[in-house]
Each structure stands twice: as C-alpha cells, then as structure tokens.
>>> print(open('coords.txt').read())   # compact mmCIF, C-alpha atoms
# COMPACT_ATOMS: atom_id res chain seq x y z
CA MET A 1 -6.09 -10.97 -4.65
CA SER A 2 -2.40 -10.69 -5.52
CA LYS A 3 0.38 -11.66 -3.14
CA GLN A 4 1.44 -8.03 -2.71
CA GLU A 5 -2.11 -7.00 -1.83
CA ILE A 6 -2.36 -9.76 0.79
CA LEU A 7 0.97 -8.63 2.25
CA SER A 8 -0.32 -5.03 2.35
CA TRP A 9 -3.36 -6.18 4.35
CA THR A 10 -1.28 -8.23 6.80
CA SER A 11 1.18 -5.36 7.27
CA LEU A 12 -1.68 -2.92 7.91
CA ILE A 13 -3.22 -5.30 10.48
CA THR A 14 0.07 -5.90 12.33
CA SER A 15 0.82 -2.13 12.38
CA SER A 16 -2.67 -1.35 13.70
CA SER A 17 -2.33 -4.05 16.39
CA VAL A 18 0.99 -2.58 17.56
CA VAL A 19 -0.57 0.92 17.67
CA ILE A 20 -3.50 -0.38 19.78
CA PHE A 21 -1.08 -2.10 22.20
CA TYR A 22 1.11 0.98 22.41
CA ILE A 23 -1.75 3.43 22.99
CA LEU A 24 -3.26 1.24 25.72
CA ILE A 25 0.11 0.72 27.45
CA ALA A 26 1.30 4.34 27.13
CA PHE A 27 -1.94 6.22 27.74
CA GLY A 28 -4.30 3.65 29.24
CA TRP A 29 -8.05 3.44 28.74
CA PRO A 30 -10.05 6.71 29.07
CA GLU A 31 -11.92 6.77 32.36
CA SER A 32 -15.05 8.34 30.88
CA PHE A 33 -15.76 5.22 28.77
CA PRO A 34 -16.73 1.72 29.94
CA ASP A 35 -13.57 -0.42 30.14
CA TYR A 36 -13.23 -2.55 27.03
CA SER A 37 -9.42 -2.55 27.12
CA GLY A 38 -9.19 -6.29 27.81
CA LEU A 39 -11.44 -7.08 24.86
CA LEU A 40 -9.49 -4.71 22.59
CA ILE A 41 -6.13 -6.21 23.62
CA LYS A 42 -7.47 -9.72 22.98
CA PHE A 43 -8.77 -8.65 19.56
CA ALA A 44 -5.50 -6.92 18.61
CA PHE A 45 -3.46 -9.90 19.85
CA ASN A 46 -5.51 -12.37 17.79
CA ALA A 47 -5.49 -10.11 14.71
CA PHE A 48 -1.70 -9.72 15.00
CA TRP A 49 -1.04 -13.47 15.08
CA VAL A 50 -3.58 -14.27 12.35
CA ALA A 51 -1.86 -11.69 10.11
CA VAL A 52 1.58 -13.11 10.91
CA ILE A 53 0.41 -16.68 10.14
CA ILE A 54 -1.20 -15.57 6.85
CA GLU A 55 2.02 -13.76 5.90
CA ILE A 56 4.11 -16.90 6.61
CA ILE A 57 1.70 -19.09 4.60
CA VAL A 58 1.81 -16.65 1.65
CA GLN A 59 5.61 -16.55 1.74
CA VAL A 60 5.95 -20.35 1.98
CA SER A 61 3.35 -21.21 -0.66
CA GLU A 62 4.69 -18.86 -3.35
CA SER A 63 5.32 -20.43 -6.74
CA LYS A 64 8.93 -19.96 -7.80
CA SER A 65 8.05 -20.12 -11.51
CA ARG A 66 5.59 -17.22 -11.37
CA VAL A 67 6.28 -13.53 -11.08
CA GLN A 68 5.63 -12.30 -7.53
CA LYS A 69 6.09 -8.56 -8.08
CA ASP A 70 5.94 -6.61 -11.31
CA GLU A 71 5.93 -3.01 -12.57
CA ARG A 72 2.34 -2.40 -11.44
CA ASP A 73 3.22 -3.52 -7.89
CA PHE A 74 6.27 -1.22 -7.86
CA MET A 75 4.16 1.69 -9.13
CA ILE A 76 1.51 1.12 -6.45
CA GLU A 77 4.22 0.79 -3.79
CA ALA A 78 5.72 4.09 -4.98
CA LYS A 79 2.34 5.80 -4.55
CA GLY A 80 2.07 4.39 -1.02
CA LEU A 81 5.62 5.44 -0.17
CA LYS A 82 4.89 8.97 -1.37
CA VAL A 83 1.86 9.32 0.91
CA GLY A 84 3.69 7.71 3.87
CA TYR A 85 6.74 9.93 3.36
CA ASN A 86 4.63 13.10 3.18
CA ILE A 87 2.83 12.21 6.42
CA LEU A 88 6.14 11.42 8.13
CA VAL A 89 7.69 14.73 7.03
CA VAL A 90 4.66 16.75 8.19
CA THR A 91 4.60 15.04 11.60
CA LEU A 92 8.37 15.48 11.99
CA MET A 93 7.99 19.18 11.20
CA ILE A 94 5.21 19.49 13.80
CA ALA A 95 7.42 17.74 16.38
CA LEU A 96 10.43 19.95 15.59
CA ILE A 97 8.33 23.13 15.81
CA GLN A 98 6.87 21.88 19.11
CA VAL A 99 10.37 21.21 20.52
CA PHE A 100 11.45 24.70 19.43
CA ILE A 101 8.37 26.37 20.97
CA SER A 102 8.78 24.28 24.12
CA ASN A 103 12.39 25.35 24.60
CA LEU A 104 11.56 28.97 23.82
CA THR A 105 8.69 29.21 26.28
CA GLN A 106 10.59 27.35 29.01
CA ASN A 107 13.45 29.84 28.77
CA PHE A 108 11.52 33.07 28.37
CA VAL A 109 7.86 32.67 29.31
CA PRO A 110 7.52 29.61 31.59
CA SER A 111 3.89 30.41 32.35
CA LEU A 112 2.72 29.76 28.75
CA PRO A 113 1.09 26.35 28.28
CA PHE A 114 3.13 25.35 25.21
CA ALA A 115 5.73 23.29 27.03
CA ILE A 116 5.33 19.59 26.35
CA GLU A 117 7.27 16.79 28.05
CA THR A 118 9.90 14.88 26.08
CA SER A 119 7.97 11.63 26.63
CA THR A 120 4.90 13.12 24.91
CA ILE A 121 6.98 14.07 21.88
CA PHE A 122 8.42 10.54 21.88
CA HIS A 123 4.87 9.06 21.91
CA PHE A 124 3.89 11.45 19.12
CA LEU A 125 6.87 10.45 16.94
CA PHE A 126 6.37 6.74 17.63
CA LEU A 127 2.71 6.94 16.60
CA ALA A 128 3.64 9.09 13.58
CA LEU A 129 5.93 6.30 12.40
CA PHE A 130 3.10 3.77 12.53
CA LEU A 131 0.63 6.27 11.07
CA ALA A 132 2.96 6.78 8.08
CA SER A 133 3.34 3.03 7.65
CA ALA A 134 -0.41 2.48 7.88
CA ALA A 135 -1.04 5.32 5.40
CA LYS A 136 1.43 3.71 2.98
CA ARG A 137 -0.29 0.33 3.22
CA GLY A 138 -3.75 1.93 3.09
CA THR A 139 -2.85 3.81 -0.09
CA MET A 140 -1.50 0.61 -1.62
CA ILE A 141 -4.68 -1.31 -0.75
CA TYR A 142 -6.82 1.52 -2.15
CA ASN A 143 -4.88 1.42 -5.43
CA TYR A 144 -5.08 -2.37 -5.64
CA ARG A 145 -8.81 -2.24 -4.95
CA LYS A 146 -9.56 0.36 -7.60
CA ASP A 147 -7.46 -1.66 -10.08
CA PHE A 148 -4.94 1.05 -10.75
CA MET B 149 -2.91 18.20 -23.36
CA GLU B 150 -6.13 16.55 -24.42
CA GLU B 151 -6.78 13.28 -22.63
CA GLY B 152 -7.52 10.14 -24.58
CA ALA B 153 -7.99 6.49 -23.94
CA ILE B 154 -5.86 3.47 -24.69
CA VAL B 155 -7.97 0.59 -25.91
CA ASN B 156 -6.66 -2.94 -26.35
CA GLN B 157 -7.53 -6.17 -28.10
CA ILE B 158 -5.93 -8.53 -25.59
CA ARG B 159 -9.12 -10.42 -24.81
CA ARG B 160 -9.80 -11.12 -28.51
CA LEU B 161 -6.16 -12.03 -29.15
CA ARG B 162 -6.15 -14.44 -26.20
CA PHE B 163 -9.30 -16.08 -27.55
CA ASN B 164 -7.75 -16.39 -31.04
CA HIS B 165 -4.64 -18.00 -29.55
CA GLY B 166 -6.30 -21.16 -28.32
CA GLU B 167 -8.26 -19.43 -25.57
CA MET B 168 -5.09 -18.56 -23.72
CA THR B 169 -5.75 -17.79 -20.04
CA GLN B 170 -4.67 -14.56 -18.34
CA GLN B 171 -2.25 -16.59 -16.22
CA GLU B 172 -0.62 -18.15 -19.29
CA LEU B 173 -0.20 -14.72 -20.89
CA ALA B 174 1.14 -13.31 -17.61
CA ASP B 175 3.72 -16.12 -17.36
CA LYS B 176 4.88 -15.51 -20.94
CA VAL B 177 5.10 -11.73 -20.47
CA GLY B 178 6.65 -11.92 -16.99
CA VAL B 179 4.01 -10.07 -14.98
CA THR B 180 1.29 -11.11 -12.53
CA ARG B 181 -2.17 -12.26 -13.63
CA GLN B 182 -3.67 -9.25 -11.82
CA THR B 183 -1.63 -6.91 -14.02
CA ILE B 184 -2.86 -8.61 -17.21
CA ASN B 185 -6.40 -8.33 -15.86
CA ALA B 186 -5.92 -4.60 -15.14
CA ILE B 187 -4.40 -3.99 -18.61
CA GLU B 188 -7.20 -5.92 -20.31
CA ALA B 189 -9.84 -3.90 -18.44
CA ALA B 190 -8.04 -0.69 -19.53
CA LYS B 191 -7.47 0.26 -15.88
CA TYR B 192 -3.72 0.21 -16.13
CA SER B 193 -1.45 1.35 -18.98
CA PRO B 194 1.61 -0.90 -19.16
CA SER B 195 5.17 0.20 -19.83
CA LEU B 196 6.41 0.09 -23.42
CA GLU B 197 8.46 -2.99 -22.57
CA VAL B 198 5.44 -4.96 -21.34
CA ALA B 199 3.32 -3.69 -24.26
CA PHE B 200 5.93 -4.96 -26.74
CA LYS B 201 6.21 -8.28 -24.90
CA ILE B 202 2.42 -8.77 -25.15
CA ALA B 203 2.53 -8.00 -28.89
CA THR B 204 5.45 -10.44 -29.28
CA VAL B 205 3.51 -13.24 -27.53
CA PHE B 206 0.63 -12.80 -29.99
CA GLU B 207 3.07 -12.29 -32.92
CA VAL B 208 1.33 -9.10 -34.04
CA PRO B 209 2.49 -5.48 -34.31
CA LEU B 210 2.04 -3.31 -31.23
CA GLU B 211 -0.69 -1.18 -32.84
CA GLU B 212 -2.83 -4.27 -33.30
CA VAL B 213 -2.84 -4.82 -29.54
CA PHE B 214 -3.04 -1.21 -28.32
CA LYS B 215 -4.68 1.79 -29.94
CA TYR B 216 -4.80 5.37 -28.71
CA LYS B 217 -8.17 7.04 -29.16
CA SER B 218 -8.27 10.77 -28.59
CA LYS B 219 -11.53 12.24 -27.28
>>> encode(input="coords.txt", output="structure tokens")
Amino acid sequence: MSKQEILSWTSLITSSSVVIFYILIAFGWPESFPDYSGLLIKFAFNAFWVAVIIEIIVQVSESKSRVQKDERDFMIEAKGLKVGYNILVVTLMIALIQVFISNLTQNFVPSLPFAIETSTIFHFLFLALFLASAAKRGTMIYNYRKDF
Amino acid sequence: MEEGAIVNQIRRLRFNHGEMTQQELADKVGVTRQTINAIEAAKYSPSLEVAFKIATVFEVPLEEVFKYKSK
C-alpha cells in the first residue's frame, strides 16, 4: 500500500469520525432505536485517534531518498477532486435553491411547508463539506485499489 | 477511435538487467514502486516522460519497452 493510499484511508476515517460526532451532537440519537450512541462515540473516538497516530507514523517514517508522490498519485487525486467538487457544487445548489424557496414562501405563502430554519441549512452545508471530502477520498481509494 | 492496448516488456528487461527490483527501477525513474507495478501490469499508461525515462534506464529505444497493439 502506497503512502498516498494510507493517507487517503486515514483522512477518510478522520472525516467519518467527525461526521459521526457532529450528527450525534447536532441531531442526537433517534428515539425509535435502542441507544447505542455511547458505543458509537467510543468507536469513532478510537478510530479518529488511531488514524491520526497512523498518519503521524507514516509522515515521520518516510524515506527522504524515495519518491513520495508521482504522476499516478496526482492523476488519482485529480479524479477524487473532480468527484468531490461535483458533489459540493450539487449540494451548494440544493442549499441555494432551498434558501430561495424558503424566503419566497415566508414572504408570500407562509402556510407552505417549504420554510427551513437557517440552522438546518447550516447542518446540511457542514455535512455536505464532509460528504464531498469523503467522496474524494473514497474515489481515490477506489482508484488505488483497482490499480488505475 | 478504435481502442487498443499498450503492452510492455518491463518485467523481461528488469530480469535481463541483473534481476532489477521494481523499487530499484522506481528509484531510477523517479516514481513510486506502486506506479512501476501498475505500469508493468498494464493497468496504468505512464506519461511520455516516464516512458522515456524507463527506456533510458534499460538503454533501449522506447518501442522496445512499449508497443501499441490495435484490436
């Protein structure tokens, strides 16, 4: 496994851990399910720190004489960036349209159920940011795995 | 445009050059070992620059390392 692939895995794990923390803090655990939130937080916390430690070890143990990143890594990163960027643009468009519809309905037809609170849009954008990052890393890992 | 395949002789050339390892070739070319592995397995087509560097390491013309076979 190349250094860049290891870093993609660690980045994906840290992003996912942050998303789990954020969702649990912002929205809480659904009442209809048995409460495993403590277990999930413990798992995400451990995964986060393991990923950070692996990342530090990889960075420290790198050989200065060997190439760490080459044209294939840049090409795979470009593919990941393309997917992440597309997801980010689509989610931003959805958020902008929602803000527009929200304002419109609040001014003219307040009874319509399209109005969404600003905090919800903030949560949506925050999660979209991590979704785009995770999609980028996921695409990179997929391309490394299939030996692009 | 009709698709073809790029085949290479890197494995044979490495063997003929004192059983050179993928890592040794990667160090001489200036890429990672994983990239040499992907090129050798015909899963990644390198840039012209890397292709020429590989040919230079083996001291052979480019067409002896890479060949394009149309289907």
>>> residues_near_point(input="coords.txt", point="(-8.9, 3.8, -25.6)", cutoff="8 Å", atoms="all atoms listed in the file", output="PyMOL selection string")
chain B and resi 152-156+190+215-218
>>> atom_distance(input="coords.txt", atom1="CA of Phe124 (chain A)", atom2="CA of Leu92 (chain A)")
9.3 Å
>>> closest_residue(input="coords.txt", among="B:Gln170, B:Asn164, B:Gln157, B:Gln182", to="chain A", atoms="only C-alpha atoms")
B:Gln182
>>> closest_residue(input="coords.txt", among="A:Tyr85, A:Phe108, A:Trp29, A:Phe48", to="Thr139 (chain A)", atoms="all atoms listed in the file")
A:Tyr85
>>> closest_residue(input="coords.txt", among="A:Ile87, A:Ile76, A:Val99, A:Ile25", to="chain B", atoms="only C-alpha atoms")
A:Ile76
